[in-house]
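**Q** Dropping in coords.cif, with mmCIF, C-alpha atoms (C1' of nucleotides).
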```cif
data_my_file
#
loop_
_atom_site.label_atom_id
_atom_site.label_comp_id
_atom_site.auth_asym_id
_atom_site.auth_seq_id
_atom_site.Cartn_x
_atom_site.Cartn_y
_atom_site.Cartn_z
CA MET N 1 0.00 0.00 0.00
CA PRO N 2 1.55 3.26 -1.14
CA VAL N 3 1.59 6.52 0.81
CA PHE N 4 -1.39 8.15 -0.92
CA SER N 5 -4.81 6.63 -1.33
CA ARG N 6 -6.03 5.04 -4.51
CA PHE N 7 -8.51 7.86 -4.77
CA LEU N 8 -5.79 10.52 -4.87
CA ARG N 9 -3.59 8.63 -7.31
CA TYR N 10 -6.46 7.91 -9.67
CA PHE N 11 -7.73 11.46 -9.37
CA ILE N 12 -4.39 12.90 -10.44
CA ALA N 13 -4.19 10.55 -13.42
CA VAL N 14 -7.72 11.43 -14.54
CA ALA N 15 -7.14 15.15 -14.12
CA GLN N 16 -3.95 14.98 -16.17
CA GLN N 17 -5.33 12.71 -18.88
CA GLY N 18 -8.66 14.48 -19.15
CA SER N 19 -10.74 11.32 -19.08
CA ILE N 20 -11.24 8.15 -17.10
CA ARG N 21 -10.70 6.02 -20.19
CA LYS N 22 -7.24 7.46 -20.81
CA ALA N 23 -6.35 7.23 -17.13
CA SER N 24 -7.42 3.60 -17.34
CA ASP N 25 -4.88 2.99 -20.09
CA GLU N 26 -2.16 4.77 -18.15
CA LEU N 27 -2.80 3.00 -14.85
CA ASN N 28 -3.79 -0.40 -16.26
CA ILE N 29 -6.87 -0.36 -14.07
CA ALA N 30 -10.42 -0.87 -15.31
CA ALA N 31 -12.22 2.39 -16.03
CA SER N 32 -15.12 1.37 -13.83
CA ALA N 33 -12.81 1.00 -10.82
CA ILE N 34 -11.35 4.45 -11.39
CA ASP N 35 -14.79 5.90 -11.86
CA ARG N 36 -15.92 4.50 -8.52
CA GLN N 37 -12.93 5.99 -6.72
CA ILE N 38 -13.64 9.41 -8.19
CA LEU N 39 -17.32 9.25 -7.26
CA GLN N 40 -16.46 8.15 -3.70
CA GLY N 41 -13.93 10.94 -3.38
CA GLU N 42 -16.44 13.51 -4.54
CA LYS N 43 -18.92 12.24 -1.99
CA LEU N 44 -16.25 12.31 0.72
CA LEU N 45 -15.29 15.90 -0.02
CA GLY N 46 -18.90 16.88 -0.54
CA THR N 47 -18.24 18.52 -3.88
CA GLN N 48 -17.90 17.81 -7.57
CA LEU N 49 -14.29 17.56 -8.68
CA PHE N 50 -15.10 17.31 -12.38
CA GLU N 51 -17.82 18.40 -14.74
CA ARG N 52 -18.87 15.61 -17.08
CA LEU N 53 -18.64 16.31 -20.79
CA PRO N 54 -19.27 13.93 -23.67
CA THR N 55 -15.55 14.04 -24.41
CA GLY N 56 -14.34 13.35 -20.89
CA LEU N 57 -13.94 15.15 -17.60
CA ARG N 58 -13.01 18.74 -16.89
CA LEU N 59 -11.81 19.98 -13.50
CA THR N 60 -14.03 22.21 -11.39
CA THR N 61 -12.50 24.88 -9.18
CA ALA N 62 -12.43 22.46 -6.25
CA GLY N 63 -10.78 19.90 -8.52
CA GLU N 64 -8.10 22.40 -9.54
CA LEU N 65 -7.32 23.04 -5.88
CA LEU N 66 -7.01 19.35 -5.09
CA LEU N 67 -4.89 18.71 -8.16
CA SER N 68 -2.36 21.40 -7.32
CA SER N 69 -1.99 20.08 -3.78
CA GLY N 70 -1.85 16.51 -5.00
CA ILE N 71 0.93 17.30 -7.45
CA ARG N 72 2.89 19.08 -4.75
CA TRP N 73 2.48 16.16 -2.35
CA THR N 74 3.62 13.75 -5.03
CA ARG N 75 6.72 15.84 -5.68
CA ASP N 76 7.40 15.98 -1.93
CA LEU N 77 7.18 12.22 -1.77
CA ARG N 78 9.67 11.75 -4.58
CA ALA N 79 12.10 14.07 -2.82
CA LEU N 80 11.53 12.19 0.40
CA THR N 81 12.27 8.77 -1.08
CA THR N 82 15.44 10.20 -2.60
CA GLN N 83 16.53 11.44 0.81
CA ILE N 84 15.76 8.07 2.32
CA ASP N 85 17.74 6.31 -0.37
CA ASN N 86 20.66 8.56 0.45
CA LEU N 87 20.36 7.61 4.10
CA LYS N 88 20.41 3.97 3.08
CA GLY N 89 23.62 4.62 1.19
CA LEU N 90 25.12 6.24 4.25
CA ARG N 91 24.28 3.21 6.29
CA GLN N 92 26.63 1.11 4.26
CA GLY N 93 29.73 3.19 4.77
CA SER N 94 32.31 2.76 7.48
CA ALA N 95 34.22 5.17 9.62
CA ASP N 96 37.35 5.11 11.76
CA ILE N 97 37.13 7.21 14.87
CA LEU N 98 39.73 8.16 17.46
CA ILE N 99 38.89 8.52 21.11
CA PRO N 100 40.94 9.31 24.18
CA ASP N 101 41.16 6.58 26.77
CA ALA N 102 39.05 8.64 29.17
CA LEU N 103 35.95 8.15 26.99
CA THR N 104 36.02 4.38 26.65
CA LYS N 105 33.58 4.19 29.55
CA GLY N 106 30.34 6.13 29.77
CA PHE N 107 28.46 7.75 26.95
CA LEU N 108 30.37 6.53 23.90
CA PRO N 109 29.32 2.88 24.15
CA ALA N 110 25.73 4.06 24.58
CA VAL N 111 25.96 6.24 21.47
CA LEU N 112 27.43 3.40 19.45
CA GLY N 113 24.70 1.09 20.66
CA ARG N 114 22.01 3.44 19.40
CA LEU N 115 23.88 3.90 16.14
CA ARG N 116 23.85 0.16 15.59
CA LYS N 117 20.09 0.24 16.02
CA THR N 118 19.30 3.07 13.68
CA HIS N 119 22.03 2.36 11.13
CA PRO N 120 22.70 -1.37 11.36
CA GLY N 121 24.96 -1.46 8.30
CA ILE N 122 27.47 1.17 9.30
CA VAL N 123 30.82 -0.07 10.51
CA VAL N 124 32.64 1.99 13.11
CA ASN N 125 36.25 1.24 13.96
CA VAL N 126 37.22 2.72 17.26
CA HIS N 127 40.89 3.53 17.94
CA VAL N 128 41.98 4.52 21.41
CA ARG N 129 44.90 6.97 21.40
CA ALA N 130 46.46 9.55 23.68
CA SER N 131 44.88 12.93 23.08
CA LYS N 132 48.18 14.52 22.07
CA ASP N 133 48.67 12.17 19.09
CA MET N 134 45.18 12.50 17.65
CA GLY N 135 45.66 15.64 15.59
CA GLU N 136 48.54 14.15 13.65
CA ILE N 137 46.73 10.88 12.92
CA LEU N 138 43.67 12.76 11.68
CA VAL N 139 45.80 14.87 9.35
CA ASP N 140 47.38 11.72 7.95
CA GLY N 141 43.94 10.48 6.90
CA GLN N 142 44.27 7.38 9.03
CA ALA N 143 41.03 8.23 10.83
CA ASP N 144 37.84 10.11 9.98
CA PHE N 145 36.81 11.64 13.31
CA ALA N 146 38.28 12.34 16.70
CA MET E 1 -11.63 6.20 1.39
CA PRO E 2 -9.78 9.29 2.56
CA VAL E 3 -7.06 11.15 0.69
CA PHE E 4 -4.08 9.56 2.43
CA SER E 5 -3.46 5.85 2.80
CA ARG E 6 -4.10 3.91 5.97
CA PHE E 7 -0.38 3.42 6.24
CA LEU E 8 0.32 7.15 6.39
CA ARG E 9 -2.49 7.88 8.82
CA TYR E 10 -1.51 5.06 11.15
CA PHE E 11 2.15 5.98 10.88
CA ILE E 12 1.48 9.55 12.01
CA ALA E 13 -0.58 8.35 14.95
CA VAL E 14 2.10 5.88 16.05
CA ALA E 15 4.88 8.45 15.69
CA GLN E 16 2.95 10.96 17.76
CA GLN E 17 1.81 8.50 20.42
CA GLY E 18 5.13 6.71 20.69
CA SER E 19 3.64 3.23 20.55
CA ILE E 20 1.30 1.09 18.52
CA ARG E 21 -0.79 0.30 21.57
CA LYS E 22 -1.53 3.98 22.26
CA ALA E 23 -2.17 4.65 18.58
CA SER E 24 -4.62 1.73 18.72
CA ASP E 25 -6.54 3.48 21.50
CA GLU E 26 -6.55 6.76 19.61
CA LEU E 27 -7.66 5.29 16.29
CA ASN E 28 -9.93 2.56 17.65
CA ILE E 29 -8.19 0.06 15.42
CA ALA E 30 -6.64 -3.21 16.60
CA ALA E 31 -2.93 -2.89 17.35
CA SER E 32 -2.15 -5.84 15.10
CA ALA E 33 -3.72 -4.09 12.12
CA ILE E 34 -1.68 -0.95 12.75
CA ASP E 35 1.45 -3.02 13.20
CA ARG E 36 0.94 -4.67 9.84
CA GLN E 37 0.52 -1.32 8.09
CA ILE E 38 3.75 -0.03 9.62
CA LEU E 39 5.66 -3.17 8.63
CA GLN E 40 4.31 -3.02 5.08
CA GLY E 41 5.21 0.64 4.82
CA GLU E 42 8.74 -0.03 5.98
CA LYS E 43 9.07 -2.76 3.39
CA LEU E 44 7.67 -0.46 0.71
CA LEU E 45 10.11 2.34 1.52
CA GLY E 46 12.92 -0.14 2.02
CA THR E 47 13.90 1.26 5.37
CA GLN E 48 13.10 1.09 9.07
CA LEU E 49 10.87 3.93 10.20
CA PHE E 50 11.10 3.07 13.89
CA GLU E 51 13.49 1.37 16.25
CA ARG E 52 11.75 -1.10 18.52
CA LEU E 53 12.13 -0.58 22.25
CA PRO E 54 10.44 -2.48 25.06
CA THR E 55 8.51 0.67 25.86
CA GLY E 56 7.28 1.33 22.34
CA LEU E 57 8.60 2.72 19.08
CA ARG E 58 11.08 5.51 18.43
CA LEU E 59 11.49 7.26 15.09
CA THR E 60 14.59 6.68 13.01
CA THR E 61 15.99 9.48 10.84
CA ALA E 62 13.95 8.24 7.89
CA GLY E 63 10.89 8.16 10.13
CA GLU E 64 11.47 11.75 11.21
CA LEU E 65 11.59 12.81 7.56
CA LEU E 66 8.36 11.04 6.72
CA LEU E 67 6.62 12.40 9.80
CA SER E 68 7.46 16.00 9.03
CA SER E 69 6.17 15.63 5.47
CA GLY E 70 3.12 13.74 6.66
CA ILE E 71 2.22 16.45 9.13
CA ARG E 72 2.62 19.11 6.48
CA TRP E 73 0.43 17.19 4.03
CA THR E 74 -2.22 16.75 6.67
CA ARG E 75 -2.21 20.48 7.38
CA ASP E 76 -2.44 21.17 3.64
CA LEU E 77 -5.44 18.90 3.41
CA ARG E 78 -7.24 20.66 6.25
CA ALA E 79 -6.65 24.01 4.54
CA LEU E 80 -7.86 22.53 1.28
CA THR E 81 -11.13 21.23 2.70
CA THR E 82 -11.72 24.63 4.28
CA GLN E 83 -11.25 26.28 0.88
CA ILE E 84 -13.61 23.79 -0.69
CA ASP E 85 -16.21 24.42 1.99
CA ASN E 86 -15.95 28.12 1.24
CA LEU E 87 -16.53 27.39 -2.43
CA LYS E 88 -19.61 25.40 -1.49
CA GLY E 89 -20.87 28.41 0.44
CA LEU E 90 -20.28 30.59 -2.57
CA ARG E 91 -22.34 28.33 -4.71
CA GLN E 92 -25.44 29.11 -2.73
CA GLY E 93 -25.35 32.84 -3.23
CA SER E 94 -27.08 34.81 -5.94
CA ALA E 95 -26.07 37.76 -8.03
CA ASP E 96 -27.81 40.37 -10.19
CA ILE E 97 -25.94 41.37 -13.29
CA LEU E 98 -26.55 44.09 -15.85
CA ILE E 99 -25.80 43.62 -19.53
CA PRO E 100 -26.25 45.77 -22.58
CA ASP E 101 -28.67 44.49 -25.16
CA ALA E 102 -25.82 43.85 -27.58
CA LEU E 103 -24.54 40.97 -25.46
CA THR E 104 -27.75 38.97 -25.09
CA LYS E 105 -26.62 36.85 -27.99
CA GLY E 106 -23.23 35.17 -28.22
CA PHE E 107 -20.83 34.46 -25.44
CA LEU E 108 -22.89 35.40 -22.39
CA PRO E 109 -25.39 32.54 -22.63
CA ALA E 110 -22.43 30.17 -23.06
CA VAL E 111 -20.72 31.53 -19.96
CA LEU E 112 -23.90 31.20 -17.94
CA GLY E 113 -24.36 27.67 -19.15
CA ARG E 114 -20.92 26.68 -17.92
CA LEU E 115 -21.54 28.48 -14.65
CA ARG E 116 -24.66 26.40 -14.10
CA LYS E 117 -22.54 23.29 -14.56
CA THR E 118 -19.72 24.16 -12.22
CA HIS E 119 -21.81 26.03 -9.64
CA PRO E 120 -25.29 24.55 -9.87
CA GLY E 121 -26.61 26.38 -6.80
CA ILE E 122 -25.79 29.92 -7.77
CA VAL E 123 -28.64 32.09 -8.99
CA VAL E 124 -27.87 34.75 -11.55
CA ASN E 125 -30.46 37.39 -12.39
CA VAL E 126 -29.75 39.03 -15.68
CA HIS E 127 -31.06 42.55 -16.34
CA VAL E 128 -30.82 44.02 -19.80
CA ARG E 129 -30.32 47.83 -19.78
CA ALA E 130 -29.00 50.56 -22.03
CA SER E 131 -25.29 51.04 -21.44
CA LYS E 132 -25.73 54.66 -20.40
CA ASP E 133 -27.97 53.77 -17.41
CA MET E 134 -25.82 51.02 -16.00
CA GLY E 135 -23.40 53.11 -13.91
CA GLU E 136 -26.22 54.70 -11.96
CA ILE E 137 -28.01 51.41 -11.27
CA LEU E 138 -24.77 49.86 -10.03
CA VAL E 139 -24.14 52.76 -7.67
CA ASP E 140 -27.66 52.36 -6.29
CA GLY E 141 -26.84 48.81 -5.26
CA GLN E 142 -29.64 47.42 -7.42
CA ALA E 143 -27.16 45.17 -9.22
CA ASP E 144 -23.84 43.49 -8.39
CA PHE E 145 -22.02 43.47 -11.73
CA ALA E 146 -22.24 45.12 -15.11
"C1'" DT H 1 10.48 -10.18 33.30
"C1'" DA H 2 7.09 -7.28 31.86
"C1'" DA H 3 5.77 -4.14 28.38
"C1'" DA H 4 4.99 -3.89 23.77
"C1'" DA H 5 5.60 -5.73 18.97
"C1'" DA H 6 5.13 -9.44 15.67
"C1'" DT H 7 2.64 -13.51 13.83
"C1'" DA H 8 -1.13 -16.97 12.64
"C1'" DC H 9 -5.49 -17.57 11.43
"C1'" DT H 10 -10.22 -16.40 10.34
"C1'" DC H 11 -13.77 -13.23 8.77
"C1'" DC H 12 -15.33 -9.24 6.58
"C1'" DA H 13 -14.96 -5.08 3.75
"C1'" DT H 14 -13.20 -2.86 -0.03
"C1'" DA H 15 -11.36 -2.91 -4.75
"C1'" DG H 16 -11.16 -4.74 -9.40
"C1'" DG H 17 -13.10 -6.79 -13.83
"C1'" DT H 18 -16.76 -7.61 -17.39
"C1'" DA H 19 -21.00 -6.51 -19.31
"C1'" DT H 20 -24.62 -3.27 -19.67
"C1'" DT H 21 -27.12 1.00 -19.26
"C1'" DT H 22 -27.26 5.94 -18.93
"C1'" DT H 23 -25.74 10.56 -20.07
"C1'" DA H 24 -24.66 14.59 -22.82
"C1'" DT H 25 -23.80 17.16 -26.96
"C1'" DA S 1 -25.40 8.77 -32.85
"C1'" DT S 2 -21.37 8.27 -30.34
"C1'" DA S 3 -17.98 8.36 -27.02
"C1'" DA S 4 -17.52 8.43 -22.41
"C1'" DA S 5 -19.30 7.88 -17.62
"C1'" DA S 6 -22.14 5.36 -14.39
"C1'" DT S 7 -24.15 1.06 -12.62
"C1'" DA S 8 -24.88 -3.98 -11.56
"C1'" DC S 9 -23.03 -8.04 -10.74
"C1'" DC S 10 -19.53 -11.24 -9.28
"C1'" DT S 11 -14.75 -12.38 -7.89
"C1'" DA S 12 -10.45 -11.43 -5.70
"C1'" DT S 13 -7.51 -8.90 -2.72
"C1'" DG S 14 -6.45 -6.57 1.32
"C1'" DG S 15 -7.63 -5.07 6.05
"C1'" DA S 16 -9.37 -5.96 10.78
"C1'" DG S 17 -10.03 -8.71 15.01
"C1'" DT S 18 -8.69 -12.32 18.52
"C1'" DA S 19 -5.41 -15.25 20.44
"C1'" DT S 20 -0.68 -16.40 20.81
"C1'" DT S 21 4.28 -16.05 20.45
"C1'" DT S 22 8.46 -13.33 20.15
"C1'" DT S 23 11.39 -9.48 21.20
"C1'" DT S 24 14.28 -6.31 24.05
"C1'" DA S 25 16.32 -3.19 27.65
#
```
Go through the file and emit its structure as structure tokens.

**A**
Amino acid sequence: MPVFSRFLRYFIAVAQQGSIRKASDELNIAASAIDRQILQGEKLLGTQLFERLPTGLRLTTAGELLLSSGIRWTRDLRALTTQIDNLKGLRQGSADILIPDALTKGFLPAVLGRLRKTHPGIVVNVHVRASKDMGEILVDGQADFA
Amino acid sequence: MPVFSRFLRYFIAVAQQGSIRKASDELNIAASAIDRQILQGEKLLGTQLFERLPTGLRLTTAGELLLSSGIRWTRDLRALTTQIDNLKGLRQGSADILIPDALTKGFLPAVLGRLRKTHPGIVVNVHVRASKDMGEILVDGQADFA
DNA sequence: TAAAAATACTCCATAGGTATTTTAT
DNA sequence: ATAAAATACCTATGGAGTATTTTTA
């Protein structure tokens, strides 16, 4: 089940194609099924979304409003899935981090534990070093964070 | 069938309540049904939306992203239905319009015909007057448009 | 170990498909 | 008269509920 309802997805297709028949071809769904979704949606919103013409359907003012929101929401969703895919990519990287001995107890293990939960694929290599050496090792590129 | 999918509506409730059980109380839907929608949605998006804790569910980064969009979409929809309700109100008004005799044939009847289609409840009273008298009648408040 | 989540199974509601009728110019 | 929408009917898919098992800090 996708993020938006069948009604909204079918509505957008019909509005863009100008008729239920053409939307049916685009969606590979029977015209009668699309028609029912549109009629239900109009009942739900309490208003006509289209005027019926012999050549197809034409948006009413209310329909125009819904279409512009629907298109925006659809764009938002595409952007969102792209962001999520980027996160997934991130989760497969690895990082070397440097910590001073003093931090090996306490909050760091807790942080790493949560990281393993939210990003199970990321590999973190922890290197314990004296604080005074850390700058040099970082500059060398032998570690990513300190 | 509402505008957004069950998955999205249940997801928002769970994210805001912090657990499926509480969302179940809020929505009056069995927890198992909500759980299934969340699991399906996670499979669909290819990512975890929550981390599972013994006390409930906690949003992951991906979940936070979806929630903020979902909340925005929901707000948009409320604004949209308000606009549509205002349109419905409009449709029950009536208007008196003045036209010069020259326009009684041609485009005006066509415009009125379309208006009857898109706004079936609006009543338009058409008054035919000589152009020279129209300004005065308008100022009197005896008509709304010329 | 105690809460909440996940699963198994059944039942019901909603959606889809085909065939037919109605609508609108 | 014609192309498209709406309806009726049946079938199939998906969602909900109850009971039970699994998970996790």

**Q** Point out the residue among E:Gly135, E:Gly56, E:Pro100, E:Pro2 with the least atom-to-atom distance to chain N, counting all atoms listed in the file.

**A**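 Looking at the shortest contact to chain N, the residue is E:Pro2.
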
**Q** Quote the spacing between CA of Asp101 in chain E and CA of Ile137 in chain E in Å to one decimal place.

**A**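 Computing it gives 15.5 Å between the two atoms.
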
**Q** Can you tell me which residues surround DA19 in chain S at a distance of at most 12 Å, considering only C-alpha atoms (C1' of nucleotides), apart from same-chain residues fewer than 5 positions away, and format the answer as number ranges by chain?

**A** E: 32; H: 7-10

**Q** Starting from chain E, keep only residues with some atom at most 10 Å from an atom of chain N, counting all atoms listed in the file, and report them as an NGL selection string.

**A** :E and (1-9 or 37 or 40-41 or 44-52 or 58-63 or 65-66 or 69-70 or 72-73 or 76-77 or 80-81 or 83-85 or 87-88 or 114 or 117-119)

**Q** Could the residues in this selection be written to a file with C-alpha atoms, as a CSV table (one decimal), in the coordinates of the input?

**A**
```csv
chain,number,residue,atom,x,y,z
E,1,MET,CA,-11.6,6.2,1.4
E,2,PRO,CA,-9.8,9.3,2.6
E,3,VAL,CA,-7.1,11.2,0.7
E,4,PHE,CA,-4.1,9.6,2.4
E,5,SER,CA,-3.5,5.8,2.8
E,6,ARG,CA,-4.1,3.9,6.0
E,7,PHE,CA,-0.4,3.4,6.2
E,8,LEU,CA,0.3,7.2,6.4
E,9,ARG,CA,-2.5,7.9,8.8
E,37,GLN,CA,0.5,-1.3,8.1
E,40,GLN,CA,4.3,-3.0,5.1
E,41,GLY,CA,5.2,0.6,4.8
E,44,LEU,CA,7.7,-0.5,0.7
E,45,LEU,CA,10.1,2.3,1.5
E,46,GLY,CA,12.9,-0.1,2.0
E,47,THR,CA,13.9,1.3,5.4
E,48,GLN,CA,13.1,1.1,9.1
E,49,LEU,CA,10.9,3.9,10.2
E,50,PHE,CA,11.1,3.1,13.9
E,51,GLU,CA,13.5,1.4,16.2
E,52,ARG,CA,11.8,-1.1,18.5
E,58,ARG,CA,11.1,5.5,18.4
E,59,LEU,CA,11.5,7.3,15.1
E,60,THR,CA,14.6,6.7,13.0
E,61,THR,CA,16.0,9.5,10.8
E,62,ALA,CA,14.0,8.2,7.9
E,63,GLY,CA,10.9,8.2,10.1
E,65,LEU,CA,11.6,12.8,7.6
E,66,LEU,CA,8.4,11.0,6.7
E,69,SER,CA,6.2,15.6,5.5
E,70,GLY,CA,3.1,13.7,6.7
E,72,ARG,CA,2.6,19.1,6.5
E,73,TRP,CA,0.4,17.2,4.0
E,76,ASP,CA,-2.4,21.2,3.6
E,77,LEU,CA,-5.4,18.9,3.4
E,80,LEU,CA,-7.9,22.5,1.3
E,81,THR,CA,-11.1,21.2,2.7
E,83,GLN,CA,-11.2,26.3,0.9
E,84,ILE,CA,-13.6,23.8,-0.7
E,85,ASP,CA,-16.2,24.4,2.0
E,87,LEU,CA,-16.5,27.4,-2.4
E,88,LYS,CA,-19.6,25.4,-1.5
E,114,ARG,CA,-20.9,26.7,-17.9
E,117,LYS,CA,-22.5,23.3,-14.6
E,118,THR,CA,-19.7,24.2,-12.2
E,119,HIS,CA,-21.8,26.0,-9.6
```

**Q** List, as number ranges by chain, every residue that the PyMOL selection byres ((chain N) within 7 of (chain H)) selects in the file provided.

**A** N: 30, 33, 53-54

**Q** Do a neighbour search on Ile99 in chain N at 8 Å with all atoms listed in the file, toss out local chain neighbours closer than 4 positions, and write the hits as number ranges by chain.

**A** N: 103-104, 126-129, 131, 146

**Q** Within 7 Å of chain E, which residues belong to chain S? Use only C-alpha atoms (C1' of nucleotides) and report them as an MDAnalysis selection string.

**A** chainID S and resid 16:17 24:25

**Q** Would you compute the distance between C1' of DA12 in chain S and CA of Tyr10 in chain N? Give it in Å to one decimal.

**A** 20.1 Å

**Q** Just give me the gap between CA of Ile20 in chain N and CA of Ile38 in chain N in Å, one decimal is fine.

**A**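 So the two atoms, CA of Ile20 in chain N and CA of Ile38 in chain N, lie 9.3 Å apart.
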
**Q** Can you pull out the residues contacting Ala143 in chain N? Cut-off 8 Å, using only C-alpha atoms (C1' of nucleotides), and skip same-chain residues under 6 positions away; I want them as a list in words.

**A**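 In the requested form, the answer reads Ala95, Asp96, Ile97, Leu98 and Ile137 of chain N.
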
**Q** Expand the PyMOL selection byres ((chain N and resi 13) around 10) into the explicit residue set it covers here, and present it as a list in words.

**A**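 Output of the PyMOL selection byres ((chain N and resi 13) around 10): Leu8, Arg9, Tyr10, Phe11, Ile12, Val14, Ala15, Gln16, Gln17, Gly18, Ser19, Ile20, Lys22, Ala23, Ser24, Glu26, Leu27, Ile34 and Leu67 of chain N.
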
**Q** Take the residues that were just selected and, keeping C-alpha atoms, output them as a PDB file, keeping the file's coordinate frame.

**A**
```pdb
ATOM      1  CA  LEU N   8      -5.790  10.520  -4.870  1.00  0.00           C
ATOM      2  CA  ARG N   9      -3.590   8.630  -7.310  1.00  0.00           C
ATOM      3  CA  TYR N  10      -6.460   7.910  -9.670  1.00  0.00           C
ATOM      4  CA  PHE N  11      -7.730  11.460  -9.370  1.00  0.00           C
ATOM      5  CA  ILE N  12      -4.390  12.900 -10.440  1.00  0.00           C
ATOM      6  CA  VAL N  14      -7.720  11.430 -14.540  1.00  0.00           C
ATOM      7  CA  ALA N  15      -7.140  15.150 -14.120  1.00  0.00           C
ATOM      8  CA  GLN N  16      -3.950  14.980 -16.170  1.00  0.00           C
ATOM      9  CA  GLN N  17      -5.330  12.710 -18.880  1.00  0.00           C
ATOM     10  CA  GLY N  18      -8.660  14.480 -19.150  1.00  0.00           C
ATOM     11  CA  SER N  19     -10.740  11.320 -19.080  1.00  0.00           C
ATOM     12  CA  ILE N  20     -11.240   8.150 -17.100  1.00  0.00           C
ATOM     13  CA  LYS N  22      -7.240   7.460 -20.810  1.00  0.00           C
ATOM     14  CA  ALA N  23      -6.350   7.230 -17.130  1.00  0.00           C
ATOM     15  CA  SER N  24      -7.420   3.600 -17.340  1.00  0.00           C
ATOM     16  CA  GLU N  26      -2.160   4.770 -18.150  1.00  0.00           C
ATOM     17  CA  LEU N  27      -2.800   3.000 -14.850  1.00  0.00           C
ATOM     18  CA  ILE N  34     -11.350   4.450 -11.390  1.00  0.00           C
ATOM     19  CA  LEU N  67      -4.890  18.710  -8.160  1.00  0.00           C
TER      20      LEU N  67
END
```

**Q** Would you kindly place N, CA and C atoms on range 63-77 of chain E and return the model as a compact mmCIF listing (two decimals), in the frame of the given file?

**A**
```
# COMPACT_ATOMS: atom_id res chain seq x y z
N GLY E 63 12.21 7.95 9.56
CA GLY E 63 10.89 8.16 10.13
C GLY E 63 10.62 9.62 10.41
N GLU E 64 11.62 10.31 10.94
CA GLU E 64 11.47 11.75 11.21
C GLU E 64 11.14 12.50 9.92
N LEU E 65 11.83 12.15 8.84
CA LEU E 65 11.59 12.81 7.56
C LEU E 65 10.15 12.59 7.10
N LEU E 66 9.72 11.34 7.17
CA LEU E 66 8.36 11.04 6.72
C LEU E 66 7.33 11.75 7.60
N LEU E 67 7.57 11.75 8.90
CA LEU E 67 6.62 12.40 9.80
C LEU E 67 6.47 13.88 9.47
N SER E 68 7.60 14.56 9.25
CA SER E 68 7.46 16.00 9.03
C SER E 68 6.71 16.27 7.73
N SER E 69 6.97 15.46 6.70
CA SER E 69 6.17 15.63 5.47
C SER E 69 4.71 15.28 5.72
N GLY E 70 4.49 14.18 6.42
CA GLY E 70 3.12 13.74 6.66
C GLY E 70 2.30 14.78 7.40
N ILE E 71 2.93 15.41 8.38
CA ILE E 71 2.22 16.45 9.13
C ILE E 71 1.91 17.63 8.24
N ARG E 72 2.86 17.99 7.39
CA ARG E 72 2.62 19.11 6.48
C ARG E 72 1.49 18.79 5.50
N TRP E 73 1.50 17.57 4.96
CA TRP E 73 0.43 17.19 4.03
C TRP E 73 -0.93 17.23 4.71
N THR E 74 -0.96 16.77 5.94
CA THR E 74 -2.22 16.75 6.67
C THR E 74 -2.74 18.17 6.90
N ARG E 75 -1.81 19.07 7.21
CA ARG E 75 -2.21 20.48 7.38
C ARG E 75 -2.73 21.02 6.06
N ASP E 76 -1.99 20.74 4.97
CA ASP E 76 -2.44 21.17 3.64
C ASP E 76 -3.86 20.71 3.37
N LEU E 77 -4.12 19.46 3.72
CA LEU E 77 -5.44 18.90 3.41
C LEU E 77 -6.53 19.62 4.20
```
